[in-house]
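Engineer: I'd like to ask some things about the structure below.
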Amino acid sequence: MKNKYSYGIGLIVIVLAGFFVANENQTTDVQAESQQQSERIISSTESTHVENSKEIESIDTTTNTKEINSRRITSEDLQKLHGTIPSKKVVSEEFNANPHTPSKSLMTFAKNVGPLMEKAFLNESDANLLMKELTNCAGNESVANAARALCVQDVEELAKYHPGLKTKASALRENISPEVQKILDTNEAMIKK
Amino acid sequence: MRADRILFLILSLIFLASCGGSGGGGGSDREETTTGGTEGGSTGGTTTGGTTTGGTTTGGSVNFDVTLDSALTASERSAVNGSINLLETIRIDGSKTDGFSEVFGGNSESNVVSYMENRVNYVVSEFTDHNSRILVPSSPALRKLQVYASNSSVLFWYIDQYFSQGGGAKYVISNVPREINSSRIGIIQLGDIFGSSDTITQAITLVHEARHSDCPDGALASDIVNFVEHGFSPLNKSCGQLHGSCGGNSCDQFAWGPYAIDYIYSISIVNGCTSCSFTEKQQAQINANMVQDAAFDIEGTMNGSHGRPDMSNSTQVRDDL
């Protein structure tokens with residue numbers, strides 16, 4: 001009886017130990033895979049001429065397809081972004097209602113554009129898609145000037161990552177309205193050289 | 001080893017492994033909460049009346065010591081704690097942004113926290129009725145208080161000055177009357193969208209509001225009397241750094257006002273934050289784009305046309321009656 005009891009205890013210890021070791025291995029596997037993914041993202045960022053999504057997918061043979069898709073700008077993303085571009089009227093109303101707090105519409109727009117910018121930094125076709133939307137935003141007189149200025153700033157930021165877009169970015173800057181230009185110039189003057 | 005002892009050891013190990021770590025500090029069931037700042041830090045700042053000593057610096061972090069009124073809702077409390085945590089933990093290199101060191105007294109986020117410590121002591125709920133909190137000696141002179149801003153500290157100080165002969169006024173926070181010794185009593189009332197805003201927005205808002213606690217040139221006696229007896233908006237906007245109207249929109253009436261501070265802080269996040277996400281920087285950027293125009297002649301301010309900022313506070317009352 002005593003031996004059976006000891007045997008049972010030993011079995012429990014072994015099972016627990018085995019569970020612990022298996023958990024550690026799983027964590028190590030996840031970390032290794034994450035490291036591999038990071039390296040691939042870095043290498044694809046450095047190559048600015050990779051436009052074919054199938055080419056990227058063929059390199060990333062072990063990466064989850066869902067994760068690849070999450071890195072691309074979809075038409076839904078752009079529609080959502082378009083829907084949050086704030087008008088002058090709405091921003092003015094919000095500012096008057098809450099003069100001490102940043103405009104909610106402006107914040108929502110910035111919050112939507114941020115993740116898309118990060119996707120666009122990674123490949124030029126996404127950057128081109130986003131740039132079209134941002135260019136429309138920047139040129140639209142009914143859009144709040146603060147948002148228009150951000151659109152110009154983001155176009156220029158994209159051009160830093162994708163030199164092929166520099167010509168379009170320069171053209172946008174040259175043709176922007178004076179009030180938006182003033183916002184941009186003042187911001188740039190704030191940066192200490 | 002005996003089998004029963006082995007069993008006890010295993011069960012003990014299982015029990016210990018399943019206990020999660022306890023949550024961080026801050027937030028308690030006490031009626032009044034004073035934020036203790038970041039983990040490992042101790043609350044060195046004390047709040048007595050309108051005087052607040054700076055928080056202690058422990059391990060490189062600076063604590064922002066604020067008393068949260070007991071009537072704050074759970075979501076308001078959570079929002080404020082989140083924004084305070086961000087203000088304490090954000091990493092900003094202010095040397096990259098013009099005007100940062102002049103306003104905050106240094107080039108790091110700890111200087112921003114010190115700026116806040118000197119100006120913000122209490123946070124009350126959006127639903128707080130100031131009239132139910134302000135205690136004055138019995139007098140028919142006090143009309144129903146109408147506040148113009150989310151930081152009405154200077155107006156509470158005016159009330160205190162008006163009743164100074166009778167012992168002054170007090171403001172009740174968490175059922176405890178607090179002395180009002182200057183405009184830096186620093187009582188911030190949350191707005192209706194504060195809680196639903198992102199943390200970065202909340203932090204920027206608090207930095208803006210803090211500036212309204214400053215009265216660099218002292219008060220005018222006429223403003224005090226006219227406000228308390230007639231509800232008139234003070235003419236001396238410098239005391240409380242009050243806004244004016246520019247084409248129907250709220251704006252600063254002088255250089256280095258709250259919108260200028262707001263702008264500088266937002267730009268410093270864009271230019272110099274090393275702990276912010278790209279999206280947080282986008283939000284700070286768009287806010288800077290917006291408030292740039294609400295600041296008073298921001299270009300002139302930055303190129304020195306209006307001198308250096310006066311970040312001091314005065315309790316002097318000039319008799320212009």
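Simple scheme: letters A, B, ... for chains in structure tokens order, numbers from 1 for residues in each chain, numbers from 1 for ligands in the order shown.
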Kindly assemble as a Markdown table a list of the chain B residues that lie within 9 Å of chain A, each paired with its nearest atom pair and their distance in Å to one decimal, using only C-alpha atoms, sorted first by chain and then by ascending residue number.
Structural biologist:
| residue | atom | partner | partner_atom | distance |
| --- | --- | --- | --- | --- |
| B:Arg2 | CA | A:Ser6 | CA | 8.3 |
| B:Ala3 | CA | A:Ser6 | CA | 5.5 |
| B:Asp4 | CA | A:Ser6 | CA | 8.7 |
| B:Ile6 | CA | A:Ile9 | CA | 7.2 |
| B:Leu7 | CA | A:Ile9 | CA | 6.4 |
| B:Ile10 | CA | A:Val13 | CA | 7.3 |
| B:Ser95 | CA | A:Lys192 | CA | 7.4 |
| B:Lys96 | CA | A:Lys192 | CA | 5.1 |
| B:Thr97 | CA | A:Ile191 | CA | 5.1 |
| B:Asp98 | CA | A:Met190 | CA | 5.0 |
| B:Gly99 | CA | A:Met190 | CA | 8.0 |
| B:Ala149 | CA | A:His100 | CA | 7.8 |
| B:Ser150 | CA | A:His100 | CA | 7.4 |
| B:Gly191 | CA | A:Asn98 | CA | 7.8 |
| B:Asp192 | CA | A:Asn98 | CA | 8.8 |
| B:Ile193 | CA | A:Thr101 | CA | 8.3 |
| B:Phe194 | CA | A:Thr101 | CA | 7.8 |
| B:Ser197 | CA | A:Lys104 | CA | 7.4 |
| B:Asp198 | CA | A:Met107 | CA | 8.3 |
| B:Thr201 | CA | A:Pro102 | CA | 6.5 |
| B:Gln202 | CA | A:Thr101 | CA | 7.8 |
| B:Ile204 | CA | A:Thr101 | CA | 8.0 |
| B:Thr205 | CA | A:Thr101 | CA | 5.4 |
| B:Leu206 | CA | A:Thr101 | CA | 8.9 |
| B:His208 | CA | A:His100 | CA | 7.0 |
| B:Glu209 | CA | A:His100 | CA | 7.1 |
| B:Gly248 | CA | A:Asn96 | CA | 8.1 |
| B:Asn249 | CA | A:Asn96 | CA | 6.1 |
| B:Ser250 | CA | A:Pro99 | CA | 6.2 |
| B:Cys251 | CA | A:Pro99 | CA | 8.5 |
| B:Pro258 | CA | A:His100 | CA | 8.8 |
| B:Tyr259 | CA | A:His100 | CA | 8.5 |
| B:Ile264 | CA | A:Met190 | CA | 8.3 |
| B:Ile267 | CA | A:Asn187 | CA | 7.5 |
| B:Ser268 | CA | A:Ile191 | CA | 8.7 |
| B:Asn271 | CA | A:Ile191 | CA | 7.2 |
| B:Ser277 | CA | A:Gly114 | CA | 8.9 |
| B:Phe278 | CA | A:Gly114 | CA | 6.2 |
| B:Thr279 | CA | A:Gly114 | CA | 4.3 |
| B:Glu280 | CA | A:Lys111 | CA | 7.5 |
| B:Lys281 | CA | A:Gly114 | CA | 8.4 |
| B:Gln282 | CA | A:Ala110 | CA | 5.5 |
| B:Gln283 | CA | A:Ala110 | CA | 5.2 |
| B:Ala284 | CA | A:Met107 | CA | 8.5 |
| B:Gln285 | CA | A:Leu150 | CA | 7.2 |
| B:Ile286 | CA | A:Ala146 | CA | 5.8 |
| B:Asn287 | CA | A:Pro102 | CA | 5.9 |
| B:Ala288 | CA | A:Ala146 | CA | 8.1 |
| B:Asn289 | CA | A:Ala146 | CA | 4.7 |
| B:Met290 | CA | A:Ala146 | CA | 5.0 |
| B:Val291 | CA | A:Pro102 | CA | 8.3 |
| B:Gln292 | CA | A:Ile183 | CA | 7.3 |
| B:Asp293 | CA | A:Ile183 | CA | 8.3 |
| B:Ile298 | CA | A:Thr186 | CA | 8.1 |
| B:Glu299 | CA | A:Thr186 | CA | 6.7 |
| B:Met302 | CA | A:Met190 | CA | 7.6 |
Engineer: Excluding Thr135 in chain A and any residue of its chain fewer than 2 positions from it, enumerate the residues within 9 Å of it, using only C-alpha atoms, and give them as a PyMOL selection string.
Structural biologist: chain A and resi 130-133+137-140+148+151-152+155+169+172
Engineer: Mind giving me the straight-line distance from CA of Lys119 in chain A to CA of Ile200 in chain B in Å, one decimal?
Structural biologist: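 CA of Ile200 in chain B lies 21.8 Å from CA of Lys119 in chain A.
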Engineer: Counting only C-alpha atoms, figure out which residue out of A:Gln79, A:Ser105, A:Ser142, A:Thr74 gets nearest to Ala127 in chain A.
Structural biologist: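 With only C-alpha atoms as the atom set, the closest residue is A:Thr74.
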